[in-house]
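With CSV, C-alpha atoms inside, this is work-v5.csv:
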chain,number,residue,atom,x,y,z
Y,1244,MET,CA,0.0,0.0,0.0
Y,1245,GLU,CA,1.4,3.3,-1.0
Y,1246,MET,CA,1.8,5.8,1.8
Y,1247,PRO,CA,0.4,9.2,1.3
Y,1248,THR,CA,3.1,11.8,0.7
Y,1249,GLU,CA,3.2,15.0,2.8
Y,1250,LYS,CA,2.0,18.0,0.8
Y,1251,ARG,CA,4.5,20.8,1.0
Y,1252,TYR,CA,3.6,24.4,0.3
Y,1253,PRO,CA,6.5,26.4,-1.1
Y,1254,ILE,CA,7.4,29.6,0.8
Y,1255,VAL,CA,6.8,32.5,-1.5
Y,1256,MET,CA,8.7,35.7,-0.9
Y,1257,ARG,CA,5.5,37.6,-1.3
Y,1258,ASP,CA,4.2,35.9,1.9
Y,1259,ILE,CA,7.2,36.8,3.9
Y,1260,GLU,CA,7.0,40.4,2.8
Y,1261,GLU,CA,3.4,40.7,3.9
Y,1262,ASP,CA,4.5,40.2,7.5
Y,1263,TRP,CA,6.6,43.4,7.7
Y,1264,ARG,CA,5.1,45.5,4.9
Y,1265,ASN,CA,1.8,45.7,6.7
Y,1266,ALA,CA,3.1,45.5,10.3
Y,1267,GLU,CA,2.9,48.6,12.6
Y,1268,HIS,CA,6.2,50.3,13.1
Y,1269,SER,CA,6.9,49.1,16.7
Y,1270,MET,CA,9.5,49.8,19.3
Y,1271,GLY,CA,9.9,46.3,20.8
Y,1272,THR,CA,12.1,47.8,23.4
Y,1273,SER,CA,14.2,47.8,26.6
Y,1274,ILE,CA,14.1,51.2,28.3
Y,1275,MET,CA,14.9,52.3,31.8
Y,1276,ALA,CA,15.7,55.3,34.1
Y,1277,VAL,CA,17.3,55.4,37.5
Y,1278,GLN,CA,17.7,58.2,40.0
Y,1279,PHE,CA,21.1,58.7,41.6
Y,1280,ASP,CA,22.6,61.0,44.2
Y,1281,SER,CA,22.8,64.1,41.9
Y,1282,GLY,CA,20.4,63.4,39.0
Y,1283,VAL,CA,19.0,60.8,36.7
Y,1284,VAL,CA,20.2,58.3,34.1
Y,1285,VAL,CA,17.9,57.4,31.2
Y,1286,ALA,CA,18.9,54.6,28.9
Y,1287,ALA,CA,17.5,52.5,26.0
Y,1288,ASP,CA,18.5,50.0,23.4
Y,1289,SER,CA,18.2,50.9,19.7
Y,1290,ARG,CA,16.2,48.2,17.8
Y,1291,THR,CA,13.0,49.2,16.1
Y,1292,SER,CA,11.0,46.4,14.5
Y,1293,MET,CA,8.0,45.8,12.1
Y,1294,GLY,CA,6.7,42.4,13.0
Y,1295,ALA,CA,9.7,40.0,12.6
Y,1296,TYR,CA,11.6,42.5,10.5
Y,1297,VAL,CA,14.2,44.8,12.2
Y,1298,SER,CA,13.6,48.2,10.4
Y,1299,ASN,CA,16.2,50.2,12.3
Y,1300,ARG,CA,19.2,48.9,14.3
Y,1301,VAL,CA,20.3,52.3,15.7
Y,1302,SER,CA,17.1,54.3,16.5
Y,1303,ASP,CA,17.2,56.9,19.3
Y,1304,LYS,CA,14.5,56.2,21.9
Y,1305,LEU,CA,15.7,58.9,24.3
Y,1306,THR,CA,13.7,62.0,23.4
Y,1307,PRO,CA,14.3,65.4,25.0
Y,1308,VAL,CA,11.1,67.3,25.9
Y,1309,HIS,CA,13.0,70.2,27.6
Y,1310,GLU,CA,16.5,71.2,28.5
Y,1311,ARG,CA,16.8,68.8,31.4
Y,1312,ILE,CA,13.9,66.4,30.9
Y,1313,TYR,CA,13.9,63.3,28.7
Y,1314,CYS,CA,11.4,60.6,28.0
Y,1315,CYS,CA,12.1,56.9,27.0
Y,1316,ARG,CA,9.6,55.6,24.5
Y,1317,SER,CA,8.2,52.1,24.0
Y,1318,GLY,CA,5.2,50.8,22.1
Y,1319,SER,CA,4.2,52.2,18.7
Y,1320,ALA,CA,6.9,54.5,17.3
Y,1321,ALA,CA,4.3,56.7,15.6
Y,1322,HIS,CA,2.2,57.1,18.8
Y,1323,THR,CA,5.1,57.8,21.1
Y,1324,GLN,CA,6.8,60.3,18.8
Y,1325,PHE,CA,3.5,62.1,18.4
Y,1326,VAL,CA,2.8,62.2,22.2
Y,1327,ALA,CA,6.4,63.4,22.8
Y,1328,ASP,CA,5.9,66.2,20.3
Y,1329,ILE,CA,2.7,67.3,22.0
Y,1330,VAL,CA,4.2,67.3,25.4
Y,1331,LYS,CA,7.3,69.2,24.2
Y,1332,TYR,CA,5.1,71.9,22.7
Y,1333,TYR,CA,3.0,72.5,25.8
Y,1334,LEU,CA,6.0,72.2,28.1
Y,1335,GLU,CA,7.8,75.0,26.2
Y,1336,LEU,CA,4.7,77.2,26.6
Y,1337,HIS,CA,4.5,76.4,30.3
Y,1338,SER,CA,8.1,77.3,30.8
Y,1339,LEU,CA,7.7,80.6,29.0
Y,1340,GLU,CA,4.7,81.5,31.2
Y,1341,LEU,CA,6.6,80.7,34.4
Y,1342,ASN,CA,9.9,82.1,33.0
Y,1343,THR,CA,11.7,79.2,34.7
Y,1344,LEU,CA,12.6,75.5,34.1
Y,1345,PRO,CA,9.5,73.3,34.2
Y,1346,THR,CA,9.5,70.4,36.8
Y,1347,VAL,CA,9.8,66.8,35.8
Y,1348,LEU,CA,6.4,66.3,37.4
Y,1349,SER,CA,4.8,68.8,35.1
Y,1350,ALA,CA,6.2,66.9,32.1
Y,1351,ALA,CA,5.0,63.6,33.5
Y,1352,GLN,CA,1.5,65.0,34.2
Y,1353,LEU,CA,1.3,66.1,30.6
Y,1354,PHE,CA,2.3,62.7,29.3
Y,1355,LYS,CA,-0.2,61.1,31.7
Y,1356,THR,CA,-3.0,63.4,30.5
Y,1357,VAL,CA,-2.5,62.6,26.9
Y,1358,CYS,CA,-2.0,58.9,27.4
Y,1359,TYR,CA,-4.9,58.5,29.7
Y,1360,ARG,CA,-7.4,60.4,27.7
Y,1361,ASN,CA,-6.5,58.4,24.6
Y,1362,LYS,CA,-5.8,55.1,26.3
Y,1363,ASN,CA,-8.1,53.2,23.9
Y,1364,ASN,CA,-6.3,54.5,20.8
Y,1365,LEU,CA,-2.6,54.7,21.9
Y,1366,THR,CA,0.0,52.0,22.3
Y,1367,ALA,CA,2.5,54.0,24.3
Y,1368,GLY,CA,4.6,53.2,27.4
Y,1369,ILE,CA,6.6,56.2,28.6
Y,1370,ILE,CA,9.3,56.7,31.2
Y,1371,VAL,CA,10.1,60.4,32.1
Y,1372,GLY,CA,13.3,61.3,33.8
Y,1373,GLY,CA,15.1,64.6,34.5
Y,1374,TRP,CA,16.3,67.2,36.9
Y,1375,ASP,CA,14.6,70.4,38.1
Y,1376,PRO,CA,15.3,73.0,40.8
Y,1377,VAL,CA,12.3,72.0,42.9
Y,1378,HIS,CA,12.6,68.2,43.2
Y,1379,GLY,CA,16.1,67.5,41.9
Y,1380,GLY,CA,16.4,64.3,40.0
Y,1381,SER,CA,13.2,62.3,39.6
Y,1382,VAL,CA,11.8,59.4,37.6
Y,1383,TYR,CA,8.1,58.8,36.6
Y,1384,SER,CA,6.6,55.8,34.8
Y,1385,ILE,CA,3.5,56.1,32.6
Y,1386,PRO,CA,2.7,52.5,31.4
Y,1387,LEU,CA,-0.1,51.5,29.0
Y,1388,GLY,CA,-3.4,52.9,30.2
Y,1389,GLY,CA,-2.0,56.2,31.4
Y,1390,VAL,CA,-1.4,55.7,35.2
Y,1391,LEU,CA,1.4,57.9,36.7
Y,1392,VAL,CA,3.8,56.5,39.3
Y,1393,ARG,CA,7.0,58.0,40.7
Y,1394,GLN,CA,9.7,55.4,41.3
Y,1395,PRO,CA,13.4,55.5,42.2
Y,1396,PHE,CA,14.0,53.5,39.0
Y,1397,ALA,CA,11.7,52.4,36.2
Y,1398,ILE,CA,12.0,49.8,33.4
Y,1399,GLY,CA,9.7,49.2,30.4
Y,1400,GLY,CA,9.3,47.6,27.0
Y,1401,SER,CA,9.3,44.0,25.9
Y,1402,GLY,CA,12.8,43.3,27.3
Y,1403,SER,CA,11.9,44.5,30.8
Y,1404,THR,CA,10.2,41.3,31.7
Y,1405,PHE,CA,13.6,39.6,31.7
Y,1406,ILE,CA,15.4,42.0,34.2
Y,1407,TYR,CA,13.0,42.7,37.1
Y,1408,GLY,CA,14.9,40.3,39.3
Y,1409,TYR,CA,18.3,41.8,38.4
Y,1410,CYS,CA,17.1,45.3,39.0
Y,1411,ASP,CA,15.4,44.5,42.3
Y,1412,ALA,CA,18.6,42.7,43.5
Y,1413,ASN,CA,21.1,45.3,42.4
Y,1414,TYR,CA,19.4,48.7,42.8
Y,1415,LYS,CA,20.6,50.7,45.8
Y,1416,GLU,CA,19.8,54.3,46.9
Y,1417,ASN,CA,22.1,57.2,46.4
Y,1418,MET,CA,24.3,55.6,43.7
Y,1419,THR,CA,27.0,57.6,42.1
Y,1420,LYS,CA,26.8,58.6,38.5
Y,1421,GLU,CA,29.2,55.8,37.5
Y,1422,GLU,CA,27.3,53.2,39.5
Y,1423,ALA,CA,24.0,54.3,37.9
Y,1424,VAL,CA,25.3,54.2,34.4
Y,1425,ALA,CA,26.8,50.7,35.0
Y,1426,PHE,CA,23.5,49.5,36.5
Y,1427,CYS,CA,21.6,50.6,33.4
Y,1428,ARG,CA,24.1,49.2,31.0
Y,1429,ASN,CA,24.2,45.8,32.7
Y,1430,ALA,CA,20.4,45.6,33.0
Y,1431,LEU,CA,19.9,46.5,29.3
Y,1432,SER,CA,22.6,44.1,28.1
Y,1433,LEU,CA,20.8,41.3,29.9
Y,1434,ALA,CA,17.5,42.3,28.4
Y,1435,MET,CA,18.9,42.6,24.9
Y,1436,ALA,CA,20.5,39.1,25.2
Y,1437,ARG,CA,17.1,37.5,26.0
Y,1438,ASP,CA,14.6,39.6,24.1
Y,1439,GLY,CA,14.4,39.2,20.3
Y,1440,SER,CA,12.8,42.6,19.9
Y,1441,SER,CA,15.7,44.4,21.7
Y,1442,GLY,CA,19.2,44.9,20.5
Y,1443,GLY,CA,21.7,47.2,18.8
Y,1444,VAL,CA,23.5,49.8,20.9
Y,1445,ILE,CA,22.8,51.2,24.3
Y,1446,ARG,CA,22.2,55.0,24.5
Y,1447,THR,CA,22.4,56.7,27.9
Y,1448,ALA,CA,21.8,60.3,29.0
Y,1449,VAL,CA,23.0,61.5,32.4
Y,1450,ILE,CA,20.9,64.5,33.5
Y,1451,THR,CA,22.0,66.8,36.3
Y,1452,LYS,CA,21.8,70.5,37.3
Y,1453,ASP,CA,24.8,71.0,35.1
Y,1454,GLY,CA,23.2,69.7,31.9
Y,1455,VAL,CA,22.9,66.5,29.9
Y,1456,GLU,CA,25.7,64.1,29.0
Y,1457,ARG,CA,24.9,61.6,26.3
Y,1458,GLU,CA,26.8,58.5,25.4
Y,1459,MET,CA,26.5,55.5,23.1
Y,1460,LEU,CA,27.9,52.1,23.9
Y,1461,PRO,CA,28.4,50.0,20.7
Y,1462,GLY,CA,27.0,46.5,20.4
Y,1463,ASN,CA,30.5,44.9,20.4
Y,1464,GLU,CA,31.4,46.6,23.8
Y,1465,LEU,CA,28.3,45.6,25.7
Y,1466,PRO,CA,28.8,43.8,29.1
Y,1467,THR,CA,28.7,40.1,28.7
Y,1468,PHE,CA,27.3,37.5,31.1
Y,1469,PHE,CA,26.7,33.7,31.2
Y,1470,GLU,CA,26.2,32.1,27.8
Y,1471,GLN,CA,26.4,35.4,25.9
Could the structure of this file be written out as C-alpha cells, please?
Amino acid sequence: MEMPTEKRYPIVMRDIEEDWRNAEHSMGTSIMAVQFDSGVVVAADSRTSMGAYVSNRVSDKLTPVHERIYCCRSGSAAHTQFVADIVKYYLELHSLELNTLPTVLSAAQLFKTVCYRNKNNLTAGIIVGGWDPVHGGSVYSIPLGGVLVRQPFAIGGSGSTFIYGYCDANYKENMTKEEAVAFCRNALSLAMARDGSSGGVIRTAVITKDGVEREMLPGNELPTFFEQ
C-alpha cells in the first residue's frame, strides 16, 4: 500500500514580505531610568521592528522634551513620537509662562493626561526622567493605560520582563553617576540578550543640574554574562 506523501507548500517571498510591509512600526524595546545622588540616568536599546523585521538597528528612543527632561519611548513608534511632540510643545509654553525651568512632574503630568485620555487608541509606554530646581532628579513611569507613578527606578518595554529580578537585586539608593550608568548598561545588556525585539547599541543620558551628558555604547562593547 502506497503511503500518502506529505504535501508541501512552497514559501513565497510575497508571503514573507506581507509580515513586515503591513506591520505597525513598533519599538519592541528595553528602556529604563534610574535616580542617583545628583540626577537621573535614562537609557535604552536601539532596535526598532516591524513584525519580525528589524527596520532600524540604531534608532534613538531617548527623546528630549525640555533642557533637562527626557522621555524613554516604548510601544508604537508613531504614537510615542506624536505624544512626545505634543508634550514638548505644551511644556515649552508652560516654561515661557513661568519664566523658569519646568518640573519633571509637570512633564510627567502632561504625558499622563495625553496617554490616559487616549488610552483606547494609543500604544505608548513612557518613562520620564530629568532634573529640576524643585525636586532635583526624579523618575516617573506612565505605562499602557496612562497611570502615573513616581519610582526610584523604572523599566519598560518587551525586554523589561527579563530583568525585574536583576534590577530588584542590584538597585541601591544614592548611587554615584558611574554606578547608575553601569547599573543601566548591565540591565539592558541582559534584556537585549534574551529579548528578540531588543538589540543594537545602548544609549544613555545623564541629566543633572549642570546639563545632559549623552553617550552611546556600541554592540561589540556591551557587558557580557553567562552564555552570551
Which polymer residues have any atom within 9 Å of an atom of His1378 of chain Y, counting only C-alpha atoms, with same-chain residues fewer than 6 positions away left out, as a compact mmCIF listing (two decimals) with C-alpha atoms, keeping the file's coordinate frame?
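File around.txt, as written:
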# COMPACT_ATOMS: atom_id res chain seq x y z
CA THR Y 1346 9.50 70.40 36.80
CA VAL Y 1347 9.80 66.80 35.80
CA LEU Y 1348 6.40 66.30 37.40
Nearby residues (all atoms listed in the file) at most 9 Å from Leu1387 of chain Y, same-chain spacing under 4 positions excluded, as a PDB file with C-alpha atoms, keeping the file's coordinate frame:
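Result file result_30.pdb:
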ATOM      1  CA  GLY Y1318       5.200  50.800  22.100  1.00  0.00           C
ATOM      2  CA  CYS Y1358      -2.000  58.900  27.400  1.00  0.00           C
ATOM      3  CA  TYR Y1359      -4.900  58.500  29.700  1.00  0.00           C
ATOM      4  CA  LYS Y1362      -5.800  55.100  26.300  1.00  0.00           C
ATOM      5  CA  LEU Y1365      -2.600  54.700  21.900  1.00  0.00           C
ATOM      6  CA  THR Y1366       0.000  52.000  22.300  1.00  0.00           C
ATOM      7  CA  ALA Y1367       2.500  54.000  24.300  1.00  0.00           C
ATOM      8  CA  GLY Y1368       4.600  53.200  27.400  1.00  0.00           C
ATOM      9  CA  ILE Y1369       6.600  56.200  28.600  1.00  0.00           C
TER      10      ILE Y1369
END
Around the point (6.2, 67.5, 30.8) (coordinates from the file), which residues reach within 6 Å if we count only C-alpha atoms? Answer as a PDB file with C-alpha atoms, in the coordinates of the input.
ATOM      1  CA  VAL Y1330       4.200  67.300  25.400  1.00  0.00           C
ATOM      2  CA  LEU Y1334       6.000  72.200  28.100  1.00  0.00           C
ATOM      3  CA  SER Y1349       4.800  68.800  35.100  1.00  0.00           C
ATOM      4  CA  ALA Y1350       6.200  66.900  32.100  1.00  0.00           C
ATOM      5  CA  ALA Y1351       5.000  63.600  33.500  1.00  0.00           C
ATOM      6  CA  LEU Y1353       1.300  66.100  30.600  1.00  0.00           C
TER       7      LEU Y1353
END
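We find atom CA of Ser1317 of chain Y and atom CA of Gly1271 of chain Y to be spaced 6.8 Å apart.
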Item to check | Within-6 Å shell of (18.0, 47.1, 19.7) in input frame, only C-alpha atoms, as a PyMOL selection string | outcome: chain Y and resi 1288-1290+1300+1441-1443
Checklist entry - Using only C-alpha atoms, which residue out of Y:Thr1272, Y:Ser1319, Y:Thr1467, Y:Thr1306 lies closest to Arg1428 of chain Y? => result Y:Thr1467
Place N, CA and C atoms on segment 1342-1368 of chain Y and deliver the coordinates as a PDB file, in the coordinates of the input.
ATOM      1  N   ASN Y1342       8.610  81.530  33.170  1.00  0.00           N
ATOM      2  CA  ASN Y1342       9.900  82.100  33.000  1.00  0.00           C
ATOM      3  C   ASN Y1342      10.965  81.352  33.889  1.00  0.00           C
ATOM      4  N   THR Y1343      10.823  80.033  33.933  1.00  0.00           N
ATOM      5  CA  THR Y1343      11.700  79.200  34.700  1.00  0.00           C
ATOM      6  C   THR Y1343      11.698  77.783  34.073  1.00  0.00           C
ATOM      7  N   LEU Y1344      12.600  76.922  34.541  1.00  0.00           N
ATOM      8  CA  LEU Y1344      12.600  75.500  34.100  1.00  0.00           C
ATOM      9  C   LEU Y1344      11.347  74.820  34.592  1.00  0.00           C
ATOM     10  N   PRO Y1345      10.677  74.044  33.762  1.00  0.00           N
ATOM     11  CA  PRO Y1345       9.500  73.300  34.200  1.00  0.00           C
ATOM     12  C   PRO Y1345      10.000  72.101  35.111  1.00  0.00           C
ATOM     13  N   THR Y1346       9.135  71.610  35.964  1.00  0.00           N
ATOM     14  CA  THR Y1346       9.500  70.400  36.800  1.00  0.00           C
ATOM     15  C   THR Y1346       9.265  69.173  35.980  1.00  0.00           C
ATOM     16  N   VAL Y1347       9.971  68.131  36.399  1.00  0.00           N
ATOM     17  CA  VAL Y1347       9.800  66.800  35.800  1.00  0.00           C
ATOM     18  C   VAL Y1347       8.369  66.321  35.982  1.00  0.00           C
ATOM     19  N   LEU Y1348       7.810  66.642  37.148  1.00  0.00           N
ATOM     20  CA  LEU Y1348       6.400  66.300  37.400  1.00  0.00           C
ATOM     21  C   LEU Y1348       5.461  66.880  36.438  1.00  0.00           C
ATOM     22  N   SER Y1349       5.680  68.129  36.072  1.00  0.00           N
ATOM     23  CA  SER Y1349       4.800  68.800  35.100  1.00  0.00           C
ATOM     24  C   SER Y1349       4.844  68.050  33.755  1.00  0.00           C
ATOM     25  N   ALA Y1350       6.047  67.663  33.331  1.00  0.00           N
ATOM     26  CA  ALA Y1350       6.200  66.900  32.100  1.00  0.00           C
ATOM     27  C   ALA Y1350       5.463  65.562  32.191  1.00  0.00           C
ATOM     28  N   ALA Y1351       5.657  64.880  33.324  1.00  0.00           N
ATOM     29  CA  ALA Y1351       5.000  63.600  33.500  1.00  0.00           C
ATOM     30  C   ALA Y1351       3.496  63.702  33.543  1.00  0.00           C
ATOM     31  N   GLN Y1352       2.994  64.776  34.159  1.00  0.00           N
ATOM     32  CA  GLN Y1352       1.500  65.000  34.200  1.00  0.00           C
ATOM     33  C   GLN Y1352       0.990  65.212  32.786  1.00  0.00           C
ATOM     34  N   LEU Y1353       1.725  65.922  31.952  1.00  0.00           N
ATOM     35  CA  LEU Y1353       1.300  66.100  30.600  1.00  0.00           C
ATOM     36  C   LEU Y1353       1.248  64.801  29.817  1.00  0.00           C
ATOM     37  N   PHE Y1354       2.294  63.995  29.970  1.00  0.00           N
ATOM     38  CA  PHE Y1354       2.300  62.700  29.300  1.00  0.00           C
ATOM     39  C   PHE Y1354       1.117  61.841  29.826  1.00  0.00           C
ATOM     40  N   LYS Y1355       0.895  61.870  31.127  1.00  0.00           N
ATOM     41  CA  LYS Y1355      -0.200  61.100  31.700  1.00  0.00           C
ATOM     42  C   LYS Y1355      -1.550  61.534  31.147  1.00  0.00           C
ATOM     43  N   THR Y1356      -1.761  62.841  31.044  1.00  0.00           N
ATOM     44  CA  THR Y1356      -3.000  63.400  30.500  1.00  0.00           C
ATOM     45  C   THR Y1356      -3.314  62.913  29.119  1.00  0.00           C
ATOM     46  N   VAL Y1357      -2.292  63.047  28.256  1.00  0.00           N
ATOM     47  CA  VAL Y1357      -2.500  62.600  26.900  1.00  0.00           C
ATOM     48  C   VAL Y1357      -2.696  61.137  26.743  1.00  0.00           C
ATOM     49  N   CYS Y1358      -1.879  60.360  27.459  1.00  0.00           N
ATOM     50  CA  CYS Y1358      -2.000  58.900  27.400  1.00  0.00           C
ATOM     51  C   CYS Y1358      -3.283  58.371  27.957  1.00  0.00           C
ATOM     52  N   TYR Y1359      -3.730  58.950  29.091  1.00  0.00           N
ATOM     53  CA  TYR Y1359      -4.900  58.500  29.700  1.00  0.00           C
ATOM     54  C   TYR Y1359      -6.189  58.804  28.925  1.00  0.00           C
ATOM     55  N   ARG Y1360      -6.246  60.029  28.432  1.00  0.00           N
ATOM     56  CA  ARG Y1360      -7.400  60.400  27.700  1.00  0.00           C
ATOM     57  C   ARG Y1360      -7.556  59.709  26.342  1.00  0.00           C
ATOM     58  N   ASN Y1361      -6.448  59.167  25.867  1.00  0.00           N
ATOM     59  CA  ASN Y1361      -6.500  58.400  24.600  1.00  0.00           C
ATOM     60  C   ASN Y1361      -6.059  56.983  24.761  1.00  0.00           C
ATOM     61  N   LYS Y1362      -6.310  56.439  25.947  1.00  0.00           N
ATOM     62  CA  LYS Y1362      -5.800  55.100  26.300  1.00  0.00           C
ATOM     63  C   LYS Y1362      -6.343  54.003  25.369  1.00  0.00           C
ATOM     64  N   ASN Y1363      -7.517  54.202  24.783  1.00  0.00           N
ATOM     65  CA  ASN Y1363      -8.100  53.200  23.900  1.00  0.00           C
ATOM     66  C   ASN Y1363      -7.533  53.255  22.489  1.00  0.00           C
ATOM     67  N   ASN Y1364      -6.804  54.298  22.194  1.00  0.00           N
ATOM     68  CA  ASN Y1364      -6.300  54.500  20.800  1.00  0.00           C
ATOM     69  C   ASN Y1364      -4.773  54.514  20.744  1.00  0.00           C
ATOM     70  N   LEU Y1365      -4.088  54.552  21.899  1.00  0.00           N
ATOM     71  CA  LEU Y1365      -2.600  54.700  21.900  1.00  0.00           C
ATOM     72  C   LEU Y1365      -1.980  53.369  22.388  1.00  0.00           C
ATOM     73  N   THR Y1366      -0.846  53.061  21.794  1.00  0.00           N
ATOM     74  CA  THR Y1366       0.000  52.000  22.300  1.00  0.00           C
ATOM     75  C   THR Y1366       1.335  52.707  22.701  1.00  0.00           C
ATOM     76  N   ALA Y1367       1.383  53.213  23.928  1.00  0.00           N
ATOM     77  CA  ALA Y1367       2.500  54.000  24.300  1.00  0.00           C
ATOM     78  C   ALA Y1367       2.841  53.794  25.812  1.00  0.00           C
ATOM     79  N   GLY Y1368       4.070  53.335  26.062  1.00  0.00           N
ATOM     80  CA  GLY Y1368       4.600  53.200  27.400  1.00  0.00           C
ATOM     81  C   GLY Y1368       5.753  54.205  27.547  1.00  0.00           C
TER      82      GLY Y1368
END
